[in-house]
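Enquirer: Dumping the structure here so I can ask a few things about it.
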Amino acid sequence: MMVPVRSLLACLCSVILLCAPAMGRVPEPSPAEQCLAANEGLSLGAALPRTAGVLKSGGPLRVVAIGSSSTVGLWMTREEDTYPGVMRRELARLVPSLQVEIFNAGRNGDTIPGNIARFDRDVFAHHPDLVIWQIGGNDFTWGEEAASLMQKIASGIALLRAQGIDVILMDQQYTPVILGTQYAKMQGAIATVVREHQVAYLPRFDMLHKAVQSGVSIMSLTSLDGLHMSGEAYDCVGRALARAIVAGVK
C-alpha cells in the first residue's frame, strides 16, 4: 500500500520537532570539570625552585608520588586513571616539550611513619626533583596529640628537603567516611606545618568540598566504599595539581 507523500512529510516534521531540543542541548560538564571550575586559579602557596628550573630547561622532570591508597589509585583499573597518571597526562598537554617521569610509590593502608620508613628505597633511589606526599587518611588521630602529628610531618619534610627535593603536601580526601572521623585534627596539623615550614600544599579536602558546595554530588566524587575517591575525583585532583605546578613556574 502506498503511503501519501503528505503523510510522510507530516511524520518527518514531527520527528524533527521532537529531536530538536535534544540536538541543541549543551552536554552538562562532568563532575571532574565542575570540580576544576570550582577550584580555578588554585595556588600551591609556596615556590618549587628545583621544579621551576627543570621545567624552564625542558626536563626531564622526575616526580615521586608517595602516600597510601589515594596515591595507588584504589579502584582504578588503569594506571593512567590514578591521580599521578592524570597529572602526567595534563603536564604533557600543558608543556608538550617537557619530558616527565613519575614514579608511583603509593602503598595501600600506609601511614605517615610508614611513608617515612620507605623514603630511602621508594623516594631517594629515584633521585626526584619533586615529591608529592599524600598523607592523613590512615593515621588514626583519636588518641594522638596534634603536636605529635605535626612533629611526624615536619620530620618527613626535613628529610626530603635535606636531599634538595621540592615537596608538595596533599591532605585527606573529602568523602563520607573521612567526614565521620576526627579529620579536623589531622587537617589542623597539616595546615600548621604548611604555614610554619612554608611548604607547597594541595588542599585536596578543601578542593573537593568546594566542588560539593558548587553543586557537585559528593557521591560522584566518592567510590562505592564511601572512603576513597571516584575516577572523577582522581581526574580533578591530577589535573588541578599539574595546572598549579605549571602556573607556579610562570
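Here, A, B, ... name the chains of the C-alpha cells in the order displayed, residue numbers run from 1 inside each chain, and ligands are numbered from 1 in the same displayed order.
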I'd like the neighbourhood of Leu169 of chain A as a VMD selection string, where a residue qualifies if any of its atoms comes within 7 Å (using only C-alpha atoms), though same-chain residues fewer than 4 positions away should be ignored.

Expert: chain A and resid 132 to 134 200 to 202

Enquirer: Report as a ChimeraX atom specification: the residues of segment 30-178 of chain A with a DSSP assignment of strand (DSSP E), based on the backbone of this structure.

Expert: /A:61-67,100-106,130-134,166-170

Enquirer: Rank A:Gly238, A:Gly53, A:Pro113, A:Gly59 by their smallest atom-to-atom distance to Leu98 of chain A, using only C-alpha atoms, and report the top residue only.

Expert: A:Gly59

Enquirer: Give me, as JSON lines, each residue of segment 62-152 of chain A that comes within 7 Å of segment 184-199 of chain A, together with its shortest interatomic pair and the distance in Å at one decimal, counting only C-alpha atoms, with rows ordered by chain and rising residue number.

Expert:
{"residue": "A:Gly136", "atom": "CA", "partner": "A:Met186", "partner_atom": "CA", "distance": 6.3}
{"residue": "A:Thr141", "atom": "CA", "partner": "A:Met186", "partner_atom": "CA", "distance": 6.9}
{"residue": "A:Ala146", "atom": "CA", "partner": "A:Ala189", "partner_atom": "CA", "distance": 5.8}
{"residue": "A:Leu149", "atom": "CA", "partner": "A:Ala189", "partner_atom": "CA", "distance": 6.3}
{"residue": "A:Met150", "atom": "CA", "partner": "A:Ala189", "partner_atom": "CA", "distance": 5.2}

Enquirer: With a distance cut-off of 7 Å and only C-alpha atoms, select the neighbouring residues of Asn108 of chain A, excluding the residue or stretch itself and same-chain residues fewer than 2 positions from it, and output the selection as a PyMOL selection string.

Expert: chain A and resi 68-69+72+106+110

Enquirer: Excluding segment 120-126 of chain A and its own-chain neighbours fewer than 2 positions away, which residues fall within 8 Å of it when counting only C-alpha atoms? Please give them as a PyMOL selection string.

Expert: chain A and resi 62+64+66+103+105+117-118+128+131+163

Enquirer: Got time to write the residues from that selection, N, CA and C atoms, as an mmCIF file, in the first residue's frame?

Expert:
data_model
loop_
_atom_site.group_PDB
_atom_site.id
_atom_site.type_symbol
_atom_site.label_atom_id
_atom_site.label_comp_id
_atom_site.auth_asym_id
_atom_site.auth_seq_id
_atom_site.Cartn_x
_atom_site.Cartn_y
_atom_site.Cartn_z
ATOM 1 N N ARG A 62 61.617 14.613 37.181
ATOM 2 C CA ARG A 62 61.423 13.335 37.873
ATOM 3 C C ARG A 62 60.592 13.587 39.124
ATOM 4 N N VAL A 64 58.193 11.790 42.299
ATOM 5 C CA VAL A 64 57.731 10.626 43.066
ATOM 6 C C VAL A 64 56.463 11.018 43.801
ATOM 7 N N ILE A 66 54.211 9.699 46.722
ATOM 8 C CA ILE A 66 54.217 8.720 47.801
ATOM 9 C C ILE A 66 53.024 8.968 48.712
ATOM 10 N N PHE A 103 56.996 8.361 39.317
ATOM 11 C CA PHE A 103 57.058 7.067 39.993
ATOM 12 C C PHE A 103 55.978 7.029 41.070
ATOM 13 N N ALA A 105 54.717 5.650 44.231
ATOM 14 C CA ALA A 105 55.193 4.916 45.403
ATOM 15 C C ALA A 105 54.101 4.817 46.467
ATOM 16 N N ALA A 117 59.532 5.638 56.540
ATOM 17 C CA ALA A 117 60.398 4.457 56.583
ATOM 18 C C ALA A 117 60.766 3.971 55.182
ATOM 19 N N ARG A 118 59.955 4.339 54.185
ATOM 20 C CA ARG A 118 60.202 3.898 52.812
ATOM 21 C C ARG A 118 60.943 4.935 51.968
ATOM 22 N N PRO A 128 64.453 12.134 42.705
ATOM 23 C CA PRO A 128 63.419 13.023 42.160
ATOM 24 C C PRO A 128 63.746 14.503 42.339
ATOM 25 N N VAL A 131 58.645 15.722 45.082
ATOM 26 C CA VAL A 131 57.894 14.665 45.758
ATOM 27 C C VAL A 131 56.525 15.214 46.140
ATOM 28 N N GLN A 163 67.633 16.478 50.909
ATOM 29 C CA GLN A 163 68.124 15.935 49.644
ATOM 30 C C GLN A 163 67.960 16.939 48.492
#

Enquirer: Given only C-alpha atoms as the basis, pick out the residue of A:Leu55, A:Leu159, A:Ala38, A:Leu44 nearest to Met207 of chain A.

Expert: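 Checking each candidate against Met207 of chain A, we get A:Ala38 as the closest.
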
Enquirer: Give me the residues within 9 Å of segment 79-96 of chain A as a PyMOL selection string, counting only C-alpha atoms and dropping any in the same chain fewer than 2 places off.

Expert: chain A and resi 55+58+64-65+70-74+76-77+98-104+231+233-243+245-246

Enquirer: Keeping only N, CA and C atoms, write those residues as an mmCIF file, in the first residue's frame.

Expert:
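What ended up in part.cif:
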data_model
loop_
_atom_site.group_PDB
_atom_site.id
_atom_site.type_symbol
_atom_site.label_atom_id
_atom_site.label_comp_id
_atom_site.auth_asym_id
_atom_site.auth_seq_id
_atom_site.Cartn_x
_atom_site.Cartn_y
_atom_site.Cartn_z
ATOM 1 N N LEU A 55 61.531 22.682 34.667
ATOM 2 C CA LEU A 55 60.510 22.993 33.671
ATOM 3 C C LEU A 55 61.032 24.011 32.657
ATOM 4 N N GLY A 58 63.236 22.365 30.145
ATOM 5 C CA GLY A 58 62.610 21.340 29.315
ATOM 6 C C GLY A 58 62.672 19.942 29.871
ATOM 7 N N VAL A 64 58.193 11.790 42.299
ATOM 8 C CA VAL A 64 57.731 10.626 43.066
ATOM 9 C C VAL A 64 56.463 11.018 43.801
ATOM 10 N N ALA A 65 55.420 10.229 43.629
ATOM 11 C CA ALA A 65 54.184 10.393 44.388
ATOM 12 C C ALA A 65 54.166 9.301 45.451
ATOM 13 N N SER A 70 45.170 6.448 48.171
ATOM 14 C CA SER A 70 44.814 7.563 47.287
ATOM 15 C C SER A 70 45.875 7.789 46.230
ATOM 16 N N THR A 71 47.114 7.422 46.545
ATOM 17 C CA THR A 71 48.204 7.534 45.583
ATOM 18 C C THR A 71 48.253 6.312 44.678
ATOM 19 N N VAL A 72 48.050 5.137 45.270
ATOM 20 C CA VAL A 72 47.953 3.915 44.474
ATOM 21 C C VAL A 72 46.873 4.073 43.414
ATOM 22 N N GLY A 73 45.762 4.738 43.815
ATOM 23 C CA GLY A 73 44.614 4.883 42.918
ATOM 24 C C GLY A 73 43.649 3.732 43.085
ATOM 25 N N LEU A 74 43.333 3.422 44.348
ATOM 26 C CA LEU A 74 42.471 2.279 44.628
ATOM 27 C C LEU A 74 41.165 2.361 43.847
ATOM 28 N N MET A 76 40.871 2.068 40.677
ATOM 29 C CA MET A 76 41.146 2.374 39.275
ATOM 30 C C MET A 76 41.836 1.170 38.637
ATOM 31 N N THR A 77 41.373 0.776 37.482
ATOM 32 C CA THR A 77 41.943 -0.406 36.821
ATOM 33 C C THR A 77 43.104 -0.062 35.903
ATOM 34 N N LEU A 98 58.003 19.066 27.466
ATOM 35 C CA LEU A 98 58.558 18.608 28.738
ATOM 36 C C LEU A 98 58.625 17.084 28.811
ATOM 37 N N GLN A 99 59.761 16.567 29.204
ATOM 38 C CA GLN A 99 59.901 15.142 29.492
ATOM 39 C C GLN A 99 59.586 14.934 30.969
ATOM 40 N N VAL A 100 58.703 13.999 31.269
ATOM 41 C CA VAL A 100 58.266 13.767 32.653
ATOM 42 C C VAL A 100 58.355 12.288 32.991
ATOM 43 N N GLU A 101 58.945 12.000 34.152
ATOM 44 C CA GLU A 101 58.937 10.652 34.706
ATOM 45 C C GLU A 101 58.262 10.715 36.066
ATOM 46 N N ILE A 102 57.214 9.928 36.258
ATOM 47 C CA ILE A 102 56.516 9.914 37.542
ATOM 48 C C ILE A 102 56.531 8.494 38.100
ATOM 49 N N PHE A 103 56.996 8.361 39.317
ATOM 50 C CA PHE A 103 57.058 7.067 39.993
ATOM 51 C C PHE A 103 55.978 7.029 41.070
ATOM 52 N N ASN A 104 55.090 6.068 40.964
ATOM 53 C CA ASN A 104 54.005 5.934 41.933
ATOM 54 C C ASN A 104 54.473 5.034 43.075
ATOM 55 N N GLY A 231 36.726 7.960 40.119
ATOM 56 C CA GLY A 231 37.544 8.330 38.978
ATOM 57 C C GLY A 231 37.440 9.811 38.646
ATOM 58 N N ALA A 233 37.022 12.238 40.783
ATOM 59 C CA ALA A 233 37.825 12.985 41.758
ATOM 60 C C ALA A 233 39.320 12.832 41.486
ATOM 61 N N TYR A 234 39.763 11.614 41.144
ATOM 62 C CA TYR A 234 41.169 11.427 40.760
ATOM 63 C C TYR A 234 41.510 12.337 39.580
ATOM 64 N N ASP A 235 40.586 12.424 38.633
ATOM 65 C CA ASP A 235 40.805 13.245 37.447
ATOM 66 C C ASP A 235 40.944 14.712 37.824
ATOM 67 N N CYS A 236 40.066 15.189 38.680
ATOM 68 C CA CYS A 236 40.119 16.586 39.119
ATOM 69 C C CYS A 236 41.414 16.880 39.860
ATOM 70 N N VAL A 237 41.767 16.017 40.785
ATOM 71 C CA VAL A 237 42.972 16.242 41.600
ATOM 72 C C VAL A 237 44.226 16.228 40.729
ATOM 73 N N GLY A 238 44.345 15.250 39.834
ATOM 74 C CA GLY A 238 45.533 15.152 38.991
ATOM 75 C C GLY A 238 45.702 16.354 38.077
ATOM 76 N N ARG A 239 44.598 16.783 37.457
ATOM 77 C CA ARG A 239 44.691 17.930 36.555
ATOM 78 C C ARG A 239 44.925 19.235 37.315
ATOM 79 N N ALA A 240 44.260 19.399 38.455
ATOM 80 C CA ALA A 240 44.448 20.616 39.258
ATOM 81 C C ALA A 240 45.893 20.718 39.737
ATOM 82 N N LEU A 241 46.470 19.601 40.100
ATOM 83 C CA LEU A 241 47.846 19.593 40.588
ATOM 84 C C LEU A 241 48.819 19.999 39.459
ATOM 85 N N ALA A 242 48.644 19.403 38.279
ATOM 86 C CA ALA A 242 49.514 19.750 37.158
ATOM 87 C C ALA A 242 49.396 21.229 36.805
ATOM 88 N N ARG A 243 48.175 21.739 36.791
ATOM 89 C CA ARG A 243 47.964 23.145 36.439
ATOM 90 C C ARG A 243 48.607 24.076 37.471
ATOM 91 N N ILE A 245 51.184 23.391 39.400
ATOM 92 C CA ILE A 245 52.649 23.316 39.272
ATOM 93 C C ILE A 245 53.121 24.212 38.138
ATOM 94 N N VAL A 246 52.482 24.111 36.991
ATOM 95 C CA VAL A 246 52.894 24.912 35.828
ATOM 96 C C VAL A 246 52.641 26.399 36.077
#

Enquirer: Take atom CA of Ile165 of chain A and atom CA of Lys56 of chain A and report the distance between them in Å, one decimal.

Expert: 16.7 Å

Enquirer: For Gly164 of chain A, work out the shell of residues within 9 Å, counting only C-alpha atoms and skipping chain neighbours fewer than 3 positions away, then give it as a PDB file with N, CA, C and O atoms, in the first residue's frame.

Expert:
ATOM      1  N   ARG A  50      63.393  23.985  42.481  1.00  0.00           N
ATOM      2  CA  ARG A  50      64.051  22.957  41.663  1.00  0.00           C
ATOM      3  C   ARG A  50      63.154  22.559  40.482  1.00  0.00           C
ATOM      4  O   ARG A  50      63.631  22.419  39.349  1.00  0.00           O
ATOM      5  N   ASP A 129      63.139  15.302  41.471  1.00  0.00           N
ATOM      6  CA  ASP A 129      63.169  16.755  41.629  1.00  0.00           C
ATOM      7  C   ASP A 129      62.030  17.196  42.543  1.00  0.00           C
ATOM      8  O   ASP A 129      62.149  18.205  43.248  1.00  0.00           O
ATOM      9  N   LEU A 160      63.180  15.101  53.225  1.00  0.00           N
ATOM     10  CA  LEU A 160      63.082  15.323  51.786  1.00  0.00           C
ATOM     11  C   LEU A 160      63.872  16.560  51.368  1.00  0.00           C
ATOM     12  O   LEU A 160      64.614  16.543  50.376  1.00  0.00           O
ATOM     13  N   ARG A 161      63.730  17.623  52.126  1.00  0.00           N
ATOM     14  CA  ARG A 161      64.421  18.867  51.784  1.00  0.00           C
ATOM     15  C   ARG A 161      65.931  18.738  51.933  1.00  0.00           C
ATOM     16  O   ARG A 161      66.681  19.416  51.221  1.00  0.00           O
TER      17      ARG A 161
END
